[in-house]
>>> print(open('final23.cif').read())   # mmCIF, C-alpha atoms and all ligand atoms
data_coords
#
loop_
_atom_site.label_atom_id
_atom_site.label_comp_id
_atom_site.auth_asym_id
_atom_site.auth_seq_id
_atom_site.Cartn_x
_atom_site.Cartn_y
_atom_site.Cartn_z
CA MET A 1 0.00 0.00 0.00
CA ALA A 2 2.68 2.43 1.09
CA PHE A 3 4.66 1.60 -2.03
CA GLY A 4 1.58 2.13 -4.22
CA ALA A 5 0.81 5.48 -2.58
CA ALA A 6 4.40 6.56 -3.00
CA MET A 7 4.30 5.54 -6.67
CA LEU A 8 1.08 7.51 -7.13
CA ALA A 9 2.57 10.55 -5.40
CA THR A 10 5.66 10.36 -7.59
CA SER A 11 3.69 10.04 -10.81
CA LEU A 12 1.39 12.88 -9.77
CA GLN A 13 4.41 15.02 -9.04
CA ALA A 14 5.90 14.15 -12.40
CA ALA A 15 2.62 14.95 -14.13
CA GLN A 16 2.33 18.26 -12.29
CA ALA A 17 5.86 19.51 -12.85
CA PRO A 18 5.88 22.21 -15.52
CA LYS A 19 8.94 22.67 -17.67
CA ASN A 20 8.45 26.43 -17.81
CA VAL A 21 6.79 28.88 -15.41
CA ILE A 22 5.33 32.26 -16.43
CA LEU A 23 3.93 34.65 -13.81
CA PHE A 24 1.78 37.58 -14.98
CA ILE A 25 1.24 40.42 -12.51
CA GLY A 26 -1.31 43.12 -13.32
CA ASP A 27 -0.13 45.98 -11.13
CA GLY A 28 -3.17 47.42 -9.37
CA MET A 29 -5.50 44.98 -11.17
CA GLY A 30 -8.19 44.37 -8.55
CA PRO A 31 -11.38 42.46 -9.43
CA ALA A 32 -13.20 45.63 -10.51
CA TYR A 33 -10.65 45.98 -13.32
CA THR A 34 -11.10 42.47 -14.70
CA THR A 35 -14.89 42.91 -14.39
CA ALA A 36 -14.89 46.32 -16.08
CA PHE A 37 -12.67 44.94 -18.84
CA ARG A 38 -15.22 42.20 -19.64
CA TYR A 39 -17.96 44.77 -20.29
CA TYR A 40 -15.50 47.17 -21.93
CA GLN A 41 -14.29 44.66 -24.53
CA ALA A 42 -17.74 43.27 -25.35
CA ASP A 43 -18.96 44.28 -28.82
CA SER A 44 -22.49 45.08 -27.76
CA GLN A 45 -24.94 44.90 -24.89
CA VAL A 46 -25.87 41.40 -26.05
CA ASP A 47 -22.29 40.16 -26.05
CA ARG A 48 -21.49 41.53 -22.64
CA VAL A 49 -21.10 38.19 -20.91
CA SER A 50 -18.50 36.77 -23.29
CA ASP A 51 -15.36 35.44 -21.63
CA THR A 52 -12.14 37.36 -21.32
CA VAL A 53 -8.82 35.61 -20.83
CA PHE A 54 -9.13 36.48 -17.13
CA ASP A 55 -12.51 34.74 -16.92
CA ARG A 56 -11.18 31.69 -18.77
CA LEU A 57 -8.17 31.22 -16.54
CA MET A 58 -9.68 32.38 -13.22
CA THR A 59 -9.19 29.85 -10.41
CA GLY A 60 -9.46 31.89 -7.22
CA SER A 61 -8.44 35.01 -5.36
CA ALA A 62 -5.50 36.22 -3.31
CA SER A 63 -4.94 38.41 -0.26
CA THR A 64 -2.21 41.02 -0.48
CA PHE A 65 -1.68 42.57 3.01
CA PRO A 66 1.90 43.61 3.92
CA HIS A 67 3.97 42.63 7.00
CA ASP A 68 2.65 45.42 9.23
CA ASP A 69 -0.94 45.99 10.38
CA THR A 70 -1.95 48.50 7.67
CA VAL A 71 -3.63 45.78 5.51
CA VAL A 72 -3.08 47.95 2.39
CA THR A 73 0.14 47.01 0.60
CA ASP A 74 2.32 48.92 -1.82
CA SER A 75 3.76 47.35 -4.96
CA ALA A 76 7.18 46.69 -3.46
CA ALA A 77 5.95 44.72 -0.42
CA ALA A 78 3.46 42.82 -2.59
CA ALA A 79 6.03 42.04 -5.27
CA THR A 80 8.50 40.92 -2.60
CA ALA A 81 5.80 38.59 -1.21
CA LEU A 82 5.08 37.20 -4.70
CA ALA A 83 8.76 36.89 -5.62
CA THR A 84 10.07 35.42 -2.36
CA GLY A 85 7.14 34.10 -0.32
CA THR A 86 7.89 36.45 2.59
CA LYS A 87 5.81 39.43 3.76
CA SER A 88 7.73 42.66 4.14
CA TYR A 89 7.23 46.39 4.69
CA ASN A 90 5.93 48.87 2.12
CA GLY A 91 8.89 50.02 0.04
CA ALA A 92 10.92 46.81 0.51
CA VAL A 93 12.52 45.31 -2.60
CA GLY A 94 13.57 41.70 -2.05
CA VAL A 95 14.31 42.20 1.66
CA ASP A 96 12.36 41.09 4.74
CA ALA A 97 10.98 43.25 7.58
CA GLU A 98 14.47 43.23 9.17
CA LYS A 99 15.95 44.37 5.83
CA GLN A 100 17.69 41.02 5.30
CA PRO A 101 18.00 39.90 1.66
CA LEU A 102 15.60 37.25 0.33
CA ASP A 103 16.09 35.08 -2.73
CA SER A 104 13.34 35.20 -5.32
CA MET A 105 11.88 32.45 -7.51
CA LEU A 106 13.83 33.97 -10.40
CA VAL A 107 17.08 33.44 -8.49
CA ARG A 108 15.93 29.92 -7.60
CA ALA A 109 15.24 29.17 -11.28
CA LYS A 110 18.68 30.47 -12.28
CA SER A 111 20.39 28.41 -9.56
CA LEU A 112 18.80 25.32 -11.18
CA GLY A 113 20.14 26.28 -14.60
CA TRP A 114 16.89 27.72 -16.00
CA HIS A 115 16.70 30.71 -18.29
CA THR A 116 15.08 33.74 -16.64
CA GLY A 117 13.30 36.85 -17.86
CA VAL A 118 11.42 39.97 -16.76
CA ILE A 119 9.13 42.10 -18.94
CA ALA A 120 7.40 45.31 -17.77
CA THR A 121 5.88 48.51 -19.17
CA SER A 122 7.45 50.51 -16.33
CA GLN A 123 11.18 50.95 -16.02
CA VAL A 124 12.56 47.45 -15.32
CA THR A 125 14.04 48.81 -12.09
CA HIS A 126 10.51 49.58 -10.78
CA ALA A 127 9.23 47.81 -7.65
CA THR A 128 7.66 44.71 -9.22
CA PRO A 129 10.39 43.53 -11.61
CA ALA A 130 13.04 44.74 -9.15
CA SER A 131 11.74 42.47 -6.38
CA PHE A 132 12.46 39.42 -8.55
CA VAL A 133 16.04 40.51 -9.30
CA ALA A 134 17.45 42.80 -6.61
CA HIS A 135 17.67 43.65 -2.92
CA ALA A 136 17.09 47.25 -1.83
CA HIS A 137 15.89 48.81 1.41
CA SER A 138 13.92 51.34 -0.64
CA ARG A 139 12.14 50.94 -3.98
CA ARG A 140 13.45 54.41 -4.89
CA ASP A 141 17.07 53.16 -5.05
CA TYR A 142 16.72 52.73 -8.81
CA GLN A 143 20.43 52.88 -9.63
CA VAL A 144 21.33 50.40 -6.87
CA ILE A 145 18.65 48.10 -8.29
CA ALA A 146 19.79 48.57 -11.92
CA GLU A 147 23.38 47.63 -11.05
CA GLN A 148 22.19 44.32 -9.56
CA PHE A 149 20.61 43.27 -12.87
CA TYR A 150 24.21 42.93 -14.05
CA SER A 151 26.32 42.32 -10.96
CA ARG A 152 24.21 39.71 -9.13
CA ARG A 153 25.42 36.79 -11.26
CA LEU A 154 25.34 33.41 -9.51
CA LYS A 155 28.16 32.24 -11.80
CA PRO A 156 30.56 34.75 -13.35
CA ASP A 157 29.92 33.46 -16.88
CA GLN A 158 26.11 33.38 -16.62
CA PRO A 159 23.70 36.34 -16.46
CA LEU A 160 21.18 36.35 -13.59
CA VAL A 161 18.50 37.63 -15.98
CA ASP A 162 18.68 36.32 -19.55
CA LEU A 163 15.85 38.47 -20.91
CA ILE A 164 15.19 42.05 -19.80
CA LEU A 165 12.49 43.92 -21.76
CA GLY A 166 10.77 47.15 -20.69
CA GLY A 167 11.42 50.80 -19.98
CA GLY A 168 14.39 52.30 -18.13
CA GLN A 169 17.11 53.47 -20.55
CA SER A 170 17.98 56.19 -18.01
CA TYR A 171 19.21 53.57 -15.53
CA PHE A 172 21.34 51.63 -18.07
CA PRO A 173 23.40 54.38 -19.75
CA MET A 174 25.22 53.33 -22.91
CA GLU A 175 28.16 55.73 -22.60
CA THR A 176 31.56 53.99 -22.41
CA ASP A 177 31.93 51.95 -19.20
CA GLN A 178 28.46 52.89 -17.96
CA LEU A 179 26.09 50.09 -16.92
CA GLY A 180 24.34 49.53 -20.28
CA ASP A 181 27.63 49.58 -22.16
CA ARG A 182 29.20 47.09 -19.74
CA MET A 183 26.24 44.73 -20.20
CA VAL A 184 26.49 44.89 -24.00
CA ARG A 185 30.24 44.30 -23.93
CA TRP A 186 29.65 41.38 -21.55
CA GLY A 187 27.36 39.76 -24.13
CA TYR A 188 23.82 41.19 -23.98
CA GLN A 189 22.16 41.86 -27.34
CA TYR A 190 20.65 45.34 -27.08
CA GLN A 191 17.68 47.08 -28.75
CA ASP A 192 16.14 50.45 -27.90
CA LYS A 193 13.16 50.42 -30.32
CA LEU A 194 10.17 48.08 -30.29
CA GLU A 195 10.58 47.72 -34.08
CA GLY A 196 13.94 46.14 -33.28
CA LEU A 197 12.48 43.27 -31.23
CA ASP A 198 12.79 41.00 -34.31
CA LYS A 199 16.52 41.67 -34.36
CA LEU A 200 16.96 40.06 -30.97
CA THR A 201 18.05 36.56 -31.91
CA ARG A 202 19.75 34.99 -28.90
CA LEU A 203 19.96 35.26 -25.12
CA PRO A 204 20.91 37.23 -23.13
CA VAL A 205 18.95 40.26 -24.33
CA LEU A 206 18.45 43.76 -22.99
CA GLY A 207 15.63 45.71 -24.65
CA LEU A 208 14.87 49.13 -23.18
CA PHE A 209 12.31 51.13 -25.12
CA ALA A 210 11.68 54.27 -23.05
CA PRO A 211 13.79 56.48 -20.76
CA LYS A 212 11.64 55.39 -17.78
CA GLY A 213 8.11 53.97 -18.10
CA PHE A 214 6.43 53.64 -21.52
CA PRO A 215 3.83 56.27 -22.49
CA TYR A 216 0.32 55.14 -21.54
CA ALA A 217 -1.22 52.77 -24.09
CA ILE A 218 -4.08 55.24 -24.60
CA ASP A 219 -1.61 58.00 -25.60
CA SER A 220 0.76 55.75 -27.53
CA ASP A 221 1.09 54.95 -31.23
CA GLN A 222 2.25 51.51 -30.03
CA PRO A 223 -0.51 50.60 -27.56
CA LYS A 224 0.29 46.87 -27.76
CA ARG A 225 3.84 47.26 -26.45
CA LEU A 226 3.50 44.65 -23.69
CA SER A 227 2.08 42.09 -26.15
CA LEU A 228 4.97 42.77 -28.55
CA MET A 229 7.53 42.24 -25.80
CA VAL A 230 5.84 39.05 -24.56
CA GLU A 231 5.74 37.70 -28.12
CA ALA A 232 9.50 38.27 -28.42
CA GLY A 233 10.09 36.86 -24.94
CA LEU A 234 8.25 33.63 -25.70
CA ARG A 235 10.15 33.28 -28.98
CA LEU A 236 13.55 33.78 -27.33
CA LEU A 237 12.94 31.78 -24.15
CA GLY A 238 10.69 29.14 -25.71
CA GLY A 239 13.08 28.23 -28.50
CA SER A 240 15.42 26.26 -26.25
CA ASP A 241 15.44 22.93 -24.39
CA THR A 242 16.39 24.83 -21.24
CA PRO A 243 13.41 25.49 -18.93
CA PHE A 244 12.55 29.12 -18.27
CA PHE A 245 10.97 31.36 -15.64
CA LEU A 246 9.40 34.59 -16.92
CA MET A 247 7.75 37.40 -14.96
CA VAL A 248 5.50 39.76 -16.94
CA GLU A 249 4.11 42.93 -15.39
CA GLY A 250 1.30 45.13 -16.73
CA SER A 251 2.83 47.99 -14.78
CA GLN A 252 0.62 50.91 -15.68
CA ILE A 253 -2.86 49.60 -14.86
CA ASP A 254 -1.87 50.85 -11.41
CA TRP A 255 -0.70 54.25 -12.64
CA CYS A 256 -4.05 54.89 -14.39
CA GLY A 257 -5.76 53.70 -11.19
CA HIS A 258 -3.83 56.23 -9.09
CA GLY A 259 -5.07 58.87 -11.54
CA ASN A 260 -8.67 57.57 -11.25
CA ASP A 261 -8.53 57.39 -15.05
CA ILE A 262 -10.93 54.68 -16.25
CA ALA A 263 -10.22 55.04 -20.00
CA CYS A 264 -6.47 54.89 -19.39
CA ALA A 265 -6.91 51.80 -17.17
CA MET A 266 -9.02 49.91 -19.73
CA ARG A 267 -6.43 50.48 -22.51
CA GLU A 268 -3.73 49.10 -20.21
CA MET A 269 -5.99 46.12 -19.49
CA GLU A 270 -6.39 45.56 -23.24
CA ASP A 271 -2.62 45.25 -23.74
CA PHE A 272 -2.22 43.11 -20.61
CA ALA A 273 -5.05 40.78 -21.71
CA GLU A 274 -3.54 40.34 -25.18
CA ALA A 275 -0.13 39.56 -23.67
CA LEU A 276 -1.72 37.00 -21.33
CA GLU A 277 -3.55 35.45 -24.28
CA LEU A 278 -0.21 34.90 -26.02
CA ALA A 279 1.01 32.98 -22.98
CA GLU A 280 -2.30 31.09 -22.74
CA ARG A 281 -1.89 29.97 -26.37
CA PHE A 282 1.75 29.04 -25.71
CA ALA A 283 0.66 26.93 -22.71
CA ARG A 284 -2.18 25.23 -24.64
CA ASP A 285 0.06 24.46 -27.63
CA ARG A 286 2.97 23.13 -25.61
CA GLY A 287 1.37 21.46 -22.61
CA ASP A 288 4.57 21.88 -20.59
CA THR A 289 4.19 25.45 -19.37
CA LEU A 290 2.45 26.76 -16.25
CA VAL A 291 1.01 30.27 -16.59
CA VAL A 292 -0.28 32.01 -13.45
CA PHE A 293 -1.81 35.47 -13.38
CA THR A 294 -2.62 37.66 -10.39
CA ALA A 295 -2.27 41.24 -9.18
CA ASP A 296 -0.07 42.75 -6.49
CA HIS A 297 -3.02 44.74 -5.08
CA SER A 298 -5.97 46.80 -6.29
CA THR A 299 -5.69 50.54 -6.93
CA GLY A 300 -8.05 53.49 -6.58
CA GLY A 301 -10.96 51.68 -4.94
CA LEU A 302 -12.47 51.38 -8.42
CA THR A 303 -16.07 50.26 -8.52
CA LEU A 304 -18.67 49.89 -11.26
CA GLY A 305 -21.79 51.85 -10.37
CA ALA A 306 -21.86 55.26 -8.68
CA ALA A 307 -24.07 58.12 -7.46
CA GLY A 308 -26.98 55.85 -6.54
CA GLU A 309 -27.48 54.72 -10.15
CA TYR A 310 -27.92 51.06 -11.04
CA ARG A 311 -25.66 51.13 -14.09
CA TRP A 312 -22.13 51.15 -15.43
CA GLU A 313 -21.43 52.20 -19.02
CA ALA A 314 -18.46 51.12 -21.07
CA GLY A 315 -19.50 53.26 -24.07
CA PRO A 316 -18.19 56.59 -22.76
CA VAL A 317 -14.96 54.87 -21.64
CA LYS A 318 -14.32 53.72 -25.21
CA GLN A 319 -15.03 57.25 -26.47
CA VAL A 320 -12.14 58.78 -24.53
CA THR A 321 -8.90 58.52 -26.53
CA ALA A 322 -6.40 60.35 -24.32
CA SER A 323 -5.26 59.96 -20.72
CA LEU A 324 -6.36 62.54 -18.16
CA PRO A 325 -2.82 64.02 -17.89
CA VAL A 326 -2.74 64.57 -21.68
CA LEU A 327 -6.29 65.98 -21.73
CA THR A 328 -5.47 68.29 -18.82
CA GLN A 329 -2.34 69.62 -20.53
CA ALA A 330 -4.29 70.22 -23.75
CA LEU A 331 -6.96 72.25 -21.91
CA LEU A 332 -4.69 74.14 -19.54
CA ASN A 333 -5.13 77.93 -19.83
CA GLN A 334 -7.55 77.58 -22.77
CA PRO A 335 -10.70 79.74 -23.08
CA ALA A 336 -14.12 78.03 -23.19
CA GLU A 337 -14.44 78.50 -26.99
CA ALA A 338 -11.20 76.60 -27.66
CA MET A 339 -12.02 73.90 -25.11
CA THR A 340 -14.95 72.48 -27.07
CA THR A 341 -12.74 71.94 -30.13
CA ILE A 342 -9.92 70.40 -28.08
CA LEU A 343 -12.33 68.08 -26.27
CA GLU A 344 -13.77 66.94 -29.61
CA GLN A 345 -10.29 65.85 -30.70
CA HIS A 346 -9.93 63.50 -27.73
CA VAL A 347 -13.42 62.57 -26.55
CA ALA A 348 -16.21 61.32 -28.82
CA PHE A 349 -19.10 62.19 -26.48
CA ASN A 350 -20.28 65.79 -26.12
CA PHE A 351 -19.61 67.82 -23.01
CA THR A 352 -22.57 70.04 -22.03
CA PRO A 353 -22.13 73.84 -22.18
CA GLU A 354 -22.30 73.82 -18.36
CA GLU A 355 -19.49 71.28 -18.17
CA VAL A 356 -17.32 73.30 -20.57
CA GLN A 357 -17.98 76.43 -18.49
CA ARG A 358 -16.96 74.56 -15.34
CA LEU A 359 -13.72 73.42 -17.01
CA ALA A 360 -13.06 76.96 -18.28
CA SER A 361 -13.54 78.38 -14.78
CA VAL A 362 -10.57 76.32 -13.50
CA SER A 363 -8.50 76.32 -16.70
CA ALA A 364 -5.49 77.96 -15.03
CA GLU A 365 -5.40 75.49 -12.11
CA GLU A 366 -3.93 72.22 -13.30
CA SER A 367 -4.98 69.95 -10.44
CA ARG A 368 -8.56 71.33 -10.26
CA LEU A 369 -8.86 71.01 -14.03
CA TYR A 370 -7.68 67.39 -13.79
CA THR A 371 -10.18 66.64 -11.02
CA GLU A 372 -13.11 68.21 -12.90
CA LEU A 373 -12.30 66.20 -16.03
CA MET A 374 -11.87 63.01 -14.00
CA GLU A 375 -15.22 63.52 -12.28
CA MET A 376 -17.03 64.23 -15.57
CA ILE A 377 -15.65 61.12 -17.31
CA SER A 378 -16.24 58.96 -14.22
CA ALA A 379 -19.82 60.27 -13.97
CA ARG A 380 -20.53 59.45 -17.64
CA SER A 381 -19.49 55.85 -17.15
CA PHE A 382 -20.77 55.57 -13.53
CA SER A 383 -17.27 54.59 -12.39
CA GLY A 384 -16.59 55.12 -8.68
CA TRP A 385 -13.24 55.73 -6.97
CA THR A 386 -12.56 55.85 -3.24
CA THR A 387 -8.87 56.78 -3.20
CA THR A 388 -5.89 57.90 -5.28
CA GLY A 389 -3.87 55.22 -3.47
CA HIS A 390 -4.20 51.45 -3.16
CA ASP A 391 -6.91 49.38 -1.46
CA ALA A 392 -6.93 46.02 0.29
CA ILE A 393 -9.54 44.14 -1.77
CA ASP A 394 -8.47 40.59 -2.65
CA VAL A 395 -7.16 40.26 -6.19
CA PRO A 396 -7.96 37.72 -8.94
CA LEU A 397 -5.90 34.57 -9.37
CA GLY A 398 -5.83 32.33 -12.43
CA ALA A 399 -3.73 29.53 -13.89
CA ILE A 400 -3.36 27.16 -16.82
CA GLY A 401 -0.97 24.29 -17.51
CA PRO A 402 0.72 21.59 -15.41
CA GLY A 403 0.26 22.44 -11.71
CA ALA A 404 -2.62 24.88 -12.32
CA GLU A 405 -4.78 22.89 -9.91
CA LYS A 406 -2.55 24.10 -7.03
CA PHE A 407 -3.88 27.64 -7.50
CA VAL A 408 -7.56 27.00 -6.75
CA GLY A 409 -9.52 28.84 -4.05
CA HIS A 410 -8.28 31.61 -1.80
CA LEU A 411 -4.51 31.91 -1.39
CA ASP A 412 -2.35 34.49 0.28
CA ASN A 413 0.19 36.09 -2.06
CA THR A 414 2.98 34.31 -0.12
CA GLU A 415 1.28 30.96 -0.77
CA ILE A 416 1.20 31.69 -4.51
CA SER A 417 4.93 32.31 -4.30
CA ASN A 418 5.74 29.24 -2.21
CA THR A 419 3.71 26.98 -4.48
CA LEU A 420 5.38 28.38 -7.59
CA GLN A 421 8.79 27.92 -5.99
CA GLN A 422 7.98 24.26 -5.34
CA MET A 423 7.28 23.91 -9.06
CA ILE A 424 10.62 25.37 -10.03
CA ARG A 425 12.82 22.34 -9.49
ZN ZN A 501 0.50 51.87 -7.09
#
>>> encode(input="final23.cif", output="structure tokens")
Amino acid sequence: MAFGAAMLATSLQAAQAPKNVILFIGDGMGPAYTTAFRYYQADSQVDRVSDTVFDRLMTGSASTFPHDDTVVTDSAAAATALATGTKSYNGAVGVDAEKQPLDSMLVRAKSLGWHTGVIATSQVTHATPASFVAHAHSRRDYQVIAEQFYSRRLKPDQPLVDLILGGGQSYFPMETDQLGDRMVRWGYQYQDKLEGLDKLTRLPVLGLFAPKGFPYAIDSDQPKRLSLMVEAGLRLLGGSDTPFFLMVEGSQIDWCGHGNDIACAMREMEDFAEALELAERFARDRGDTLVVFTADHSTGGLTLGAAGEYRWEAGPVKQVTASLPVLTQALLNQPAEAMTTILEQHVAFNFTPEEVQRLASVSAEESRLYTELMEMISARSFSGWTTTGHDAIDVPLGAIGPGAEKFVGHLDNTEISNTLQQMIR
């Protein structure tokens, strides 16, 4: 009996062990974002219940609280929990509450000889990717973090991170003997334009496509930048017999959430969803790859339904084609007559004469102008916001591939990490 049970356990383990592990983190992507995205991407009222990739892969939910008693985490503490399985303080990058260094699942994968990668739409030194690669007492130590992408090699002849794609040129300068230049001379293939992703042909690669974070998808002529990077990442990492661990962050869902900018957030969700679909297809085709998606926390206290009304409308959200910061800059110091024309360039629904007057009355005050615009667009769509910071609502969790069944139900973010680390072996 004991022998039989042991045999069963061994075969189950063998069946569950993925060759490759991909972790998607939607920064700030609480459940209101995945819900809103379902209605946002539906073609019509009739089609509004059709599945999104989040619905298809959803297996459970996750708590995100940090080490202290505040309950509301920041991205650094949450990413450290996801990367290492240990709760820490807000601002911590890969260190515990006593500021002692912690090894991440990326480091674990590398120590086992796997290829490793990080992809983000923020600078790659930002809290989430940083927590998988570096140790820093403060998330603001960007240069300290950048240096560790290169210097923290487990073996002198092997990079810690084989694939680095995102923003952050400012932290990897290419002048002689500066960090970027040293990495290229050491052996990294480098590209600084998304059009150049095809020219990346072998690991290790360093692709940095913006000085810091990318422009928002809604303001960008390349709104599918995360999908493009993930496509290249899967090609480069997936084309080898060596197993790989890849972390992908949709970094700016959170930034739009801080700005209480629903149209901005939905365009970020669109890019993140398409990137996740690429990984879903990769997992379905190959059968050897575990893909897990979750969020580090929710942002903005977003809710669907506001002001006592029993409705939420995606239509007005689709009709806004610029982020609130861009809209605000365009309207700043403009008279009412010019405002109508400017609004028409960026927003397909009409603002009432009263609304335009209200905007004109604060046109010289940037933050009041921003707030008025935000409230008008939120009111049109019946989107509610409780904060410009984060909130503590549990986040979605989903998985596909070998081992996906381990991610069912409610898990703490540290349990997601510990389970993933058990699968990297
Ligand atoms: Zn945030």
>>> residues_near_ligand(input="final23.cif", ligand="ligand ZN 501 (chain A)", cutoff="7 Å", atoms="all atoms listed in the file", output="NGL selection string")
:A and (28 or 74-75 or 254-255 or 258 or 299 or 389-390)
>>> atom_distance(input="final23.cif", atom1="atom CA of Leu246 of chain A", atom2="atom CA of Val21 of chain A")
6.5 Å
>>> residues_around(input="final23.cif", residues="Pro204 of chain A", least_positions_apart="5", cutoff="9 Å", atoms="all atoms listed in the file", output="NGL selection string")
:A and (159 or 161-164 or 187-189)
>>> atom_distance(input="final23.cif", atom1="atom CA of Thr84 of chain A", atom2="atom CA of Val292 of chain A")
15.5 Å
>>> closest_atom_pairs(input="final23.cif", of="segment 387-417 of chain A", to="segment 259-283 of chain A", cutoff="9 Å", atoms="all atoms listed in the file", output="tab-separated table")
residue	atom	partner	partner_atom	distance
A:Thr387	CA	A:Asn260	CA	8.1
A:Thr388	CA	A:Gly259	CA	6.4
A:Gly389	CA	A:Gly259	CA	8.9
A:Ile400	CA	A:Ala283	CA	7.1
A:Gly401	CA	A:Ala283	CA	6.1
>>> axis_aligned_box(input="final23.cif", around="segment 365-370 of chain A", padding_each_side="4 Å", output="lines of an AutoDock Vina configuration file")
center_x = -6.4
center_y = 71.4
center_z = -12.1
size_x = 12.9
size_y = 16.1
size_z = 11.8
>>> closest_residue(input="final23.cif", among="A:Gly60, A:Gly91, A:Leu154, A:Ile145", to="Phe407 of chain A", atoms="all atoms listed in the file")
A:Gly60
>>> atom_distance(input="final23.cif", atom1="atom CA of Asp391 of chain A", atom2="atom CA of Ser298 of chain A")
5.6 Å
>>> closest_residue(input="final23.cif", among="A:Glu231, A:Asp288, A:Glu372, A:Asp412", to="Glu355 of chain A", atoms="only C-alpha atoms")
A:Glu372
>>> closest_residue(input="final23.cif", among="A:Pro316, A:Gly305, A:Gly250, A:Pro402", to="Met29 of chain A", atoms="all atoms listed in the file")
A:Gly250
>>> residues_around(input="final23.cif", residues="Ala92 of chain A", least_positions_apart="3", cutoff="7 Å", atoms="all atoms listed in the file", output="ChimeraX atom specification")
/A:76-77,88-89,95,136-139
>>> residues_around(input="final23.cif", residues="Thr371 of chain A", least_positions_apart="5", cutoff="12 Å", atoms="all atoms listed in the file", output="PyMOL selection string")
chain A and resi 259-261+324-325+327-328+358-359+362-363+365-366+376-379+388
>>> closest_residue(input="final23.cif", among="A:Ala120, A:Ala79, A:Val184, A:Leu57", to="Phe293 of chain A", atoms="all atoms listed in the file")
A:Leu57
>>> residues_around(input="final23.cif", residues="segment 213-222 of chain A", least_positions_apart="6", cutoff="7 Å", atoms="all atoms listed in the file", output="ChimeraX atom specification")
/A:121-123,167-168,264,267-268,321-323
>>> residues_around(input="final23.cif", residues="Ala62 of chain A", least_positions_apart="2", cutoff="7 Å", atoms="all atoms listed in the file", output="PDB file with C-alpha atoms, keeping the file's coordinate frame")
ATOM      1  CA  THR A  64      -2.210  41.020  -0.480  1.00  0.00           C
ATOM      2  CA  ASP A 394      -8.470  40.590  -2.650  1.00  0.00           C
ATOM      3  CA  VAL A 395      -7.160  40.260  -6.190  1.00  0.00           C
ATOM      4  CA  PRO A 396      -7.960  37.720  -8.940  1.00  0.00           C
ATOM      5  CA  LEU A 397      -5.900  34.570  -9.370  1.00  0.00           C
ATOM      6  CA  HIS A 410      -8.280  31.610  -1.800  1.00  0.00           C
ATOM      7  CA  LEU A 411      -4.510  31.910  -1.390  1.00  0.00           C
ATOM      8  CA  ASP A 412      -2.350  34.490   0.280  1.00  0.00           C
ATOM      9  CA  ASN A 413       0.190  36.090  -2.060  1.00  0.00           C
TER      10      ASN A 413
END
>>> closest_residue(input="final23.cif", among="A:Glu337, A:Asp296, A:Asp285, A:Glu249", to="Ser417 of chain A", atoms="only C-alpha atoms")
A:Asp296
>>> closest_residue(input="final23.cif", among="A:Ala83, A:Arg202, A:Glu344, A:Ser361", to="Arg108 of chain A", atoms="all atoms listed in the file")
A:Ala83
